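File shown here: my_file-v4.cif, holding mmCIF, C-alpha atoms.
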```
data_data
loop_
_atom_site.group_PDB
_atom_site.id
_atom_site.type_symbol
_atom_site.label_atom_id
_atom_site.label_comp_id
_atom_site.auth_asym_id
_atom_site.auth_seq_id
_atom_site.Cartn_x
_atom_site.Cartn_y
_atom_site.Cartn_z
ATOM 1 C CA MET A 1 0.000 0.000 0.000
ATOM 2 C CA ASN A 2 1.375 3.401 -0.945
ATOM 3 C CA TYR A 3 0.890 6.387 1.306
ATOM 4 C CA GLU A 4 2.700 9.550 2.242
ATOM 5 C CA ILE A 5 2.909 11.338 5.582
ATOM 6 C CA THR A 6 3.124 15.111 5.901
ATOM 7 C CA PHE A 7 3.463 17.110 9.106
ATOM 8 C CA ILE A 8 1.190 20.149 9.334
ATOM 9 C CA ALA A 9 1.025 22.924 11.944
ATOM 10 C CA CYS A 10 -2.339 24.639 12.449
ATOM 11 C CA PRO A 11 -2.811 27.958 14.245
ATOM 12 C CA PRO A 12 -5.330 28.530 17.056
ATOM 13 C CA GLY A 13 -8.917 28.915 15.844
ATOM 14 C CA CYS A 14 -8.273 27.256 12.473
ATOM 15 C CA HIS A 15 -11.496 25.241 12.813
ATOM 16 C CA LYS A 16 -13.803 28.284 12.840
ATOM 17 C CA ASP A 17 -16.175 28.216 9.859
ATOM 18 C CA ALA A 18 -14.424 25.057 8.599
ATOM 19 C CA SER A 19 -15.977 21.728 7.629
ATOM 20 C CA THR A 20 -14.938 18.324 6.372
ATOM 21 C CA VAL A 21 -16.170 15.979 3.672
ATOM 22 C CA GLY A 22 -16.356 12.595 5.355
ATOM 23 C CA ARG A 23 -15.371 11.481 8.830
ATOM 24 C CA THR A 24 -12.181 9.613 9.838
ATOM 25 C CA ILE A 25 -11.245 9.197 6.160
ATOM 26 C CA TYR A 26 -11.558 12.580 4.501
ATOM 27 C CA SER A 27 -11.976 13.903 0.977
ATOM 28 C CA PRO A 28 -9.295 16.361 -0.155
ATOM 29 C CA LYS A 29 -12.085 19.001 -0.122
ATOM 30 C CA SER A 30 -11.928 18.905 3.699
ATOM 31 C CA ALA A 31 -10.266 21.518 5.888
ATOM 32 C CA VAL A 32 -7.258 19.591 7.204
ATOM 33 C CA CYS A 33 -7.026 21.437 10.525
ATOM 34 C CA ALA A 34 -10.737 20.801 11.192
ATOM 35 C CA ALA A 35 -10.201 17.097 10.454
ATOM 36 C CA ALA A 36 -7.252 16.986 12.881
ATOM 37 C CA ILE A 37 -9.350 18.585 15.639
ATOM 38 C CA MET A 38 -12.220 16.152 15.031
ATOM 39 C CA ASP A 39 -9.821 13.197 15.214
ATOM 40 C CA GLY A 40 -8.222 14.470 18.433
ATOM 41 C CA SER A 41 -4.874 14.863 16.657
ATOM 42 C CA ILE A 42 -4.654 18.496 17.827
ATOM 43 C CA PRO A 43 -6.672 20.646 20.262
ATOM 44 C CA LYS A 44 -8.713 23.670 19.151
ATOM 45 C CA THR A 45 -5.725 25.797 20.125
ATOM 46 C CA GLY A 46 -3.839 24.334 17.143
ATOM 47 C CA GLY A 47 -0.644 22.357 16.943
ATOM 48 C CA LEU A 48 1.330 19.873 14.899
ATOM 49 C CA PHE A 49 -0.162 16.675 13.473
ATOM 50 C CA GLY A 50 0.529 14.098 10.804
ATOM 51 C CA LEU A 51 -1.573 13.862 7.633
ATOM 52 C CA ILE A 52 -1.503 10.514 5.851
ATOM 53 C CA ARG A 53 -2.504 10.572 2.193
ATOM 54 C CA THR A 54 -4.166 7.370 1.003
ATOM 55 C CA ALA A 55 -6.283 6.040 -1.872
ATOM 56 C CA GLY A 56 -9.518 7.821 -2.771
ATOM 57 C CA GLN A 57 -12.977 6.614 -1.713
ATOM 58 C CA PRO A 58 -16.084 6.189 -3.885
ATOM 59 C CA THR A 59 -18.141 8.277 -1.406
ATOM 60 C CA TYR A 60 -17.750 10.167 1.853
ATOM 61 C CA ASP A 61 -20.596 9.969 4.338
ATOM 62 C CA GLU A 62 -22.242 12.891 6.108
ATOM 63 C CA TYR A 63 -22.175 12.771 9.889
ATOM 64 C CA LYS A 64 -23.470 14.816 12.805
ATOM 65 C CA LYS A 65 -21.291 17.741 13.922
ATOM 66 C CA VAL A 66 -18.142 16.721 15.751
ATOM 67 C CA LYS A 67 -16.656 19.267 18.193
ATOM 68 C CA GLY A 68 -18.830 21.896 16.490
ATOM 69 C CA ILE A 69 -17.453 21.090 13.019
ATOM 70 C CA ALA A 70 -19.825 20.143 10.166
ATOM 71 C CA VAL A 71 -19.231 16.826 8.379
ATOM 72 C CA ASN A 72 -20.578 16.883 4.811
ATOM 73 C CA GLN A 73 -21.278 14.160 2.278
ATOM 74 C CA GLY A 74 -19.088 13.945 -0.805
ATOM 75 C CA ASN A 75 -18.532 12.096 -4.044
ATOM 76 C CA GLU A 76 -15.580 10.105 -5.311
ATOM 77 C CA ALA A 77 -12.101 11.597 -5.011
ATOM 78 C CA SER A 78 -8.779 10.486 -6.445
ATOM 79 C CA TRP A 79 -7.177 10.476 -2.995
ATOM 80 C CA SER A 80 -8.136 10.681 0.703
ATOM 81 C CA PHE A 81 -6.446 11.481 3.973
ATOM 82 C CA HIS A 82 -6.645 10.825 7.681
ATOM 83 C CA THR A 83 -4.794 12.450 10.558
ATOM 84 C CA ILE A 84 -2.581 11.167 13.344
ATOM 85 C CA LYS A 85 -1.543 12.721 16.624
ATOM 86 C CA VAL A 86 2.118 13.602 16.986
ATOM 87 C CA ASN A 87 2.913 12.628 20.572
ATOM 88 C CA ASN A 88 6.098 14.622 20.895
ATOM 89 C CA PRO A 89 5.695 17.979 22.672
ATOM 90 C CA ASP A 90 9.292 18.850 21.729
ATOM 91 C CA PHE A 91 7.952 19.779 18.264
ATOM 92 C CA SER A 92 6.475 22.928 19.796
ATOM 93 C CA LYS A 93 7.172 26.071 17.729
ATOM 94 C CA SER A 94 7.031 28.206 20.848
ATOM 95 C CA ASP A 95 9.684 28.308 23.553
ATOM 96 C CA ILE A 96 6.960 28.036 26.179
ATOM 97 C CA ARG A 97 4.530 25.191 26.720
ATOM 98 C CA ILE A 98 2.021 23.837 29.228
ATOM 99 C CA LEU A 99 2.050 20.076 29.799
ATOM 100 C CA ASP A 100 -0.607 17.845 31.347
ATOM 101 C CA HIS A 101 0.076 15.047 33.852
ATOM 102 C CA GLU A 102 1.169 12.698 31.038
ATOM 103 C CA GLY A 103 3.562 15.229 29.496
ATOM 104 C CA TYR A 104 1.352 16.241 26.551
ATOM 105 C CA PRO A 105 0.524 19.832 25.567
ATOM 106 C CA ASP A 106 -2.615 21.158 27.248
ATOM 107 C CA PHE A 107 -4.220 24.381 28.454
ATOM 108 C CA GLU A 108 -3.694 23.473 32.131
ATOM 109 C CA GLY A 109 -0.668 22.030 33.864
ATOM 110 C CA ARG A 110 3.062 22.499 34.284
ATOM 111 C CA VAL A 111 4.633 25.528 32.547
ATOM 112 C CA GLU A 112 7.973 24.907 30.831
ATOM 113 C CA PHE A 113 10.386 27.107 28.880
ATOM 114 C CA ARG A 114 12.945 26.068 26.244
ATOM 115 C CA VAL A 115 16.355 27.628 26.837
ATOM 116 C CA ASN A 116 19.245 26.758 24.512
ATOM 117 C CA GLY A 117 17.270 23.810 23.147
ATOM 118 C CA LYS A 118 16.485 22.262 26.555
ATOM 119 C CA TRP A 119 13.083 22.310 28.235
ATOM 120 C CA GLY A 120 12.896 23.228 31.904
ATOM 121 C CA SER A 121 10.106 23.924 34.330
ATOM 122 C CA VAL A 122 9.152 26.941 36.379
ATOM 123 C CA GLN A 123 9.488 26.724 40.139
ATOM 124 C CA TYR A 124 6.163 27.352 41.884
ATOM 125 C CA GLU A 125 7.621 29.876 44.332
ATOM 126 C CA GLY A 126 6.905 33.413 43.210
ATOM 127 C CA SER A 127 4.276 32.436 40.641
ATOM 128 C CA ASN A 128 1.404 34.860 40.433
ATOM 129 C CA ASN A 129 -1.484 35.691 38.133
ATOM 130 C CA VAL A 130 0.575 38.262 36.205
ATOM 131 C CA PHE A 131 3.023 35.502 35.315
ATOM 132 C CA ALA A 132 0.136 33.190 34.378
ATOM 133 C CA ARG A 133 -1.424 35.839 32.128
ATOM 134 C CA LEU A 134 1.896 36.443 30.347
ATOM 135 C CA ALA A 135 2.537 32.731 29.845
ATOM 136 C CA CYS A 136 -0.983 32.039 28.590
ATOM 137 C CA ARG A 137 -1.021 35.052 26.271
ATOM 138 C CA ALA A 138 2.315 33.910 24.821
ATOM 139 C CA LEU A 139 0.482 30.690 23.891
ATOM 140 C CA ASN A 140 -2.404 32.632 22.292
ATOM 141 C CA TYR A 141 -4.860 32.082 25.147
ATOM 142 C CA LYS A 142 -7.022 34.996 26.245
ATOM 143 C CA ASP A 143 -5.983 34.932 29.892
ATOM 144 C CA GLY A 144 -4.502 32.752 32.618
ATOM 145 C CA THR A 145 -4.467 32.206 36.355
ATOM 146 C CA ILE A 146 -2.331 30.329 38.847
ATOM 147 C CA LEU A 147 -4.358 27.361 40.052
ATOM 148 C CA ASN A 148 -2.507 26.983 43.310
ATOM 149 C CA SER A 149 0.893 28.187 44.436
ATOM 150 C CA LYS A 150 1.337 25.993 47.502
ATOM 151 C CA LYS A 151 4.412 23.801 47.775
ATOM 152 C CA ASP A 152 4.143 20.333 46.171
ATOM 153 C CA PHE A 153 0.924 21.341 44.392
ATOM 154 C CA CYS A 154 2.052 19.532 41.233
ATOM 155 C CA VAL A 155 2.205 16.207 43.081
ATOM 156 C CA ASP A 156 -1.564 15.961 43.452
ATOM 157 C CA HIS A 157 -3.614 18.255 41.236
ATOM 158 C CA LYS A 158 -6.992 16.672 40.420
ATOM 159 C CA GLY A 159 -5.588 13.344 41.588
ATOM 160 C CA LYS A 160 -2.720 13.420 39.036
ATOM 161 C CA ASP A 161 1.026 14.115 39.247
ATOM 162 C CA TYR A 162 1.916 17.196 37.164
ATOM 163 C CA CYS A 163 5.530 17.437 38.359
ATOM 164 C CA GLY A 164 8.383 17.091 35.897
ATOM 165 C CA GLN A 165 10.811 14.193 35.871
ATOM 166 C CA GLU A 166 13.303 13.934 38.728
ATOM 167 C CA GLY A 167 16.461 15.768 37.683
ATOM 168 C CA ASP A 168 14.796 17.891 34.953
ATOM 169 C CA PRO A 169 16.217 21.401 34.812
ATOM 170 C CA VAL A 170 14.417 24.312 36.453
ATOM 171 C CA HIS A 171 15.030 27.298 34.177
ATOM 172 C CA TYR A 172 13.123 29.903 36.132
ATOM 173 C CA SER A 173 12.979 30.260 39.865
ATOM 174 C CA HIS A 174 12.645 33.300 42.101
ATOM 175 C CA TYR A 175 11.498 35.407 39.143
ATOM 176 C CA THR A 176 9.455 38.562 39.190
ATOM 177 C CA CYS A 177 7.064 40.049 36.665
ATOM 178 C CA ALA A 178 6.373 43.734 36.076
ATOM 179 C CA GLU A 179 3.367 45.101 34.213
ATOM 180 C CA THR A 180 5.191 47.826 32.291
ATOM 181 C CA ASP A 181 5.745 47.812 28.528
ATOM 182 C CA GLN A 182 9.485 48.235 29.040
ATOM 183 C CA GLN A 183 9.947 45.218 31.260
ATOM 184 C CA LEU A 184 7.306 42.519 30.914
ATOM 185 C CA THR A 185 9.336 39.803 32.599
ATOM 186 C CA GLN A 186 12.485 39.572 34.638
ATOM 187 C CA CYS A 187 13.696 36.031 34.992
#
```

Is it possible to give me this structure as structure tokens?
Amino acid sequence: MNYEITFIACPPGCHKDASTVGRTIYSPKSAVCAAAIMDGSIPKTGGLFGLIRTAGQPTYDEYKKVKGIAVNQGNEASWSFHTIKVNNPDFSKSDIRILDHEGYPDFEGRVEFRVNGKWGSVQYEGSNNVFARLACRALNYKDGTILNSKKDFCVDHKGKDYCGQEGDPVHYSHYTCAETDQQLTQC
């Protein structure tokens, strides 16, 4: 069987006003980022995913909306595609990321920065809502808050361990944030 894999990065909000033709196996008339969101290959905030090009289908079935995205019926196409999740958060374009308890990108969890090619976490001490807002806005979220700044909070948040691996670098500790245009962060 012949197929080709392409990696695609979608920006936040790429699914708005988008639809697909078919579900799971898509016609080339489909919005690829919408298909990736429907498949769970990326979140609605965008990201990197794999697109696998395969043989065309004689028809593509209509389906109810998935994650708010319309799935339309379609006729025969010369090729089709489906999407796959890329499970490597190191592919992040940004030098800041938020990881869930399993180490995958999410909107809630452990904040990490990439410095000289190495990812490191942020020590809880000194974290405040100004820092959270800056970090979240850097990731194209509207706003952010610190969930809890108590010591060892990452060990048991919602029954999960959000702490980094033992021995992982801590890039930022004892930092301060200022709300002026001239000095947004001091780390």

Spatial neighbours of Ile69 (chain A), 12 Å, only C-alpha atoms, chain gap at least 5 places, as a compact mmCIF listing (two decimals) with C-alpha atoms, keeping the file's coordinate frame:
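As a result, out-v2.txt now contains:
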```txt
# COMPACT_ATOMS: atom_id res chain seq x y z
CA GLY A 13 -8.92 28.92 15.84
CA CYS A 14 -8.27 27.26 12.47
CA HIS A 15 -11.50 25.24 12.81
CA LYS A 16 -13.80 28.28 12.84
CA ASP A 17 -16.18 28.22 9.86
CA ALA A 18 -14.42 25.06 8.60
CA SER A 19 -15.98 21.73 7.63
CA THR A 20 -14.94 18.32 6.37
CA VAL A 21 -16.17 15.98 3.67
CA GLY A 22 -16.36 12.60 5.36
CA ARG A 23 -15.37 11.48 8.83
CA SER A 30 -11.93 18.90 3.70
CA ALA A 31 -10.27 21.52 5.89
CA VAL A 32 -7.26 19.59 7.20
CA CYS A 33 -7.03 21.44 10.52
CA ALA A 34 -10.74 20.80 11.19
CA ALA A 35 -10.20 17.10 10.45
CA ALA A 36 -7.25 16.99 12.88
CA ILE A 37 -9.35 18.58 15.64
CA MET A 38 -12.22 16.15 15.03
CA ASP A 39 -9.82 13.20 15.21
CA LYS A 44 -8.71 23.67 19.15
CA GLU A 62 -22.24 12.89 6.11
CA TYR A 63 -22.18 12.77 9.89
CA LYS A 64 -23.47 14.82 12.80
```

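The two atoms in question, CA of Phe7 (chain A) and CA of Ser27 (chain A), are spaced 17.7 Å apart.
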
*Care to translate the PyMOL selection byres ((chain A and resi 6) around 10) into actual residues of this file, as a ChimeraX atom specification?*
/A:4-5,7-8,49-53,83

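If you look at CA of His101 (chain A) and CA of Thr24 (chain A), they are 27.5 Å away from each other.
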
*Nearest to Pro58 (chain A) among A:Ser121, A:Ile25, A:Val86, A:Pro43, with distances taken over only C-alpha atoms: which residue is it?*
A:Ile25

_Exercise: Ala132 (chain A) partners within 8 Å, all atoms listed in the file, chain neighbours under 4 positions left out, as a ChimeraX atom specification_ = /A:127-128,136,143-146

Write the selection just made, keeping C-alpha atoms, as an mmCIF file, in the frame of the given file?
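Writing done, so here's out02.cif:
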```cif
data_model
loop_
_atom_site.group_PDB
_atom_site.id
_atom_site.type_symbol
_atom_site.label_atom_id
_atom_site.label_comp_id
_atom_site.auth_asym_id
_atom_site.auth_seq_id
_atom_site.Cartn_x
_atom_site.Cartn_y
_atom_site.Cartn_z
ATOM 1 C CA SER A 127 4.276 32.436 40.641
ATOM 2 C CA ASN A 128 1.404 34.860 40.433
ATOM 3 C CA CYS A 136 -0.983 32.039 28.590
ATOM 4 C CA ASP A 143 -5.983 34.932 29.892
ATOM 5 C CA GLY A 144 -4.502 32.752 32.618
ATOM 6 C CA THR A 145 -4.467 32.206 36.355
ATOM 7 C CA ILE A 146 -2.331 30.329 38.847
#
```

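Across the model, the gap from CA of Tyr104 (chain A) to CA of Ala138 (chain A) is 17.8 Å.
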
*Give me the result of the PyMOL selection byres ((chain A and resi 112) around 7) on this file, residue by residue, as number ranges by chain.*
A: 96-98, 110-111, 113-114, 119-122

Those residues you just picked out, can you put them in a file as a PDB file, in the frame of the given file with C-alpha atoms?
```pdb
ATOM      1  CA  ILE A  96       6.960  28.036  26.179  1.00  0.00           C
ATOM      2  CA  ARG A  97       4.530  25.191  26.720  1.00  0.00           C
ATOM      3  CA  ILE A  98       2.021  23.837  29.228  1.00  0.00           C
ATOM      4  CA  ARG A 110       3.062  22.499  34.284  1.00  0.00           C
ATOM      5  CA  VAL A 111       4.633  25.528  32.547  1.00  0.00           C
ATOM      6  CA  PHE A 113      10.386  27.107  28.880  1.00  0.00           C
ATOM      7  CA  ARG A 114      12.945  26.068  26.244  1.00  0.00           C
ATOM      8  CA  TRP A 119      13.083  22.310  28.235  1.00  0.00           C
ATOM      9  CA  GLY A 120      12.896  23.228  31.904  1.00  0.00           C
ATOM     10  CA  SER A 121      10.106  23.924  34.330  1.00  0.00           C
ATOM     11  CA  VAL A 122       9.152  26.941  36.379  1.00  0.00           C
TER      12      VAL A 122
END
```

Ground truth for the PyMOL selection byres ((chain A and resi 11) around 8), written as a short mmCIF file (atom, residue, chain, number, x, y, z; two decimals) with C-alpha atoms, in the frame of the given file:
```
data_model
loop_
_atom_site.label_atom_id
_atom_site.label_comp_id
_atom_site.auth_asym_id
_atom_site.auth_seq_id
_atom_site.Cartn_x
_atom_site.Cartn_y
_atom_site.Cartn_z
CA ALA A 9 1.02 22.92 11.94
CA CYS A 10 -2.34 24.64 12.45
CA PRO A 12 -5.33 28.53 17.06
CA GLY A 13 -8.92 28.92 15.84
CA CYS A 14 -8.27 27.26 12.47
CA THR A 45 -5.72 25.80 20.12
CA GLY A 46 -3.84 24.33 17.14
CA GLY A 47 -0.64 22.36 16.94
#
```

Where is the centre and how long are the edges: axis-aligned box on region 83-86 of chain A, 6 Å on each side, Å to one decimal, as lines of an AutoDock Vina configuration file:
```
center_x = -1.3
center_y = 12.4
center_z = 13.8
size_x = 18.9
size_y = 14.4
size_z = 18.4
```
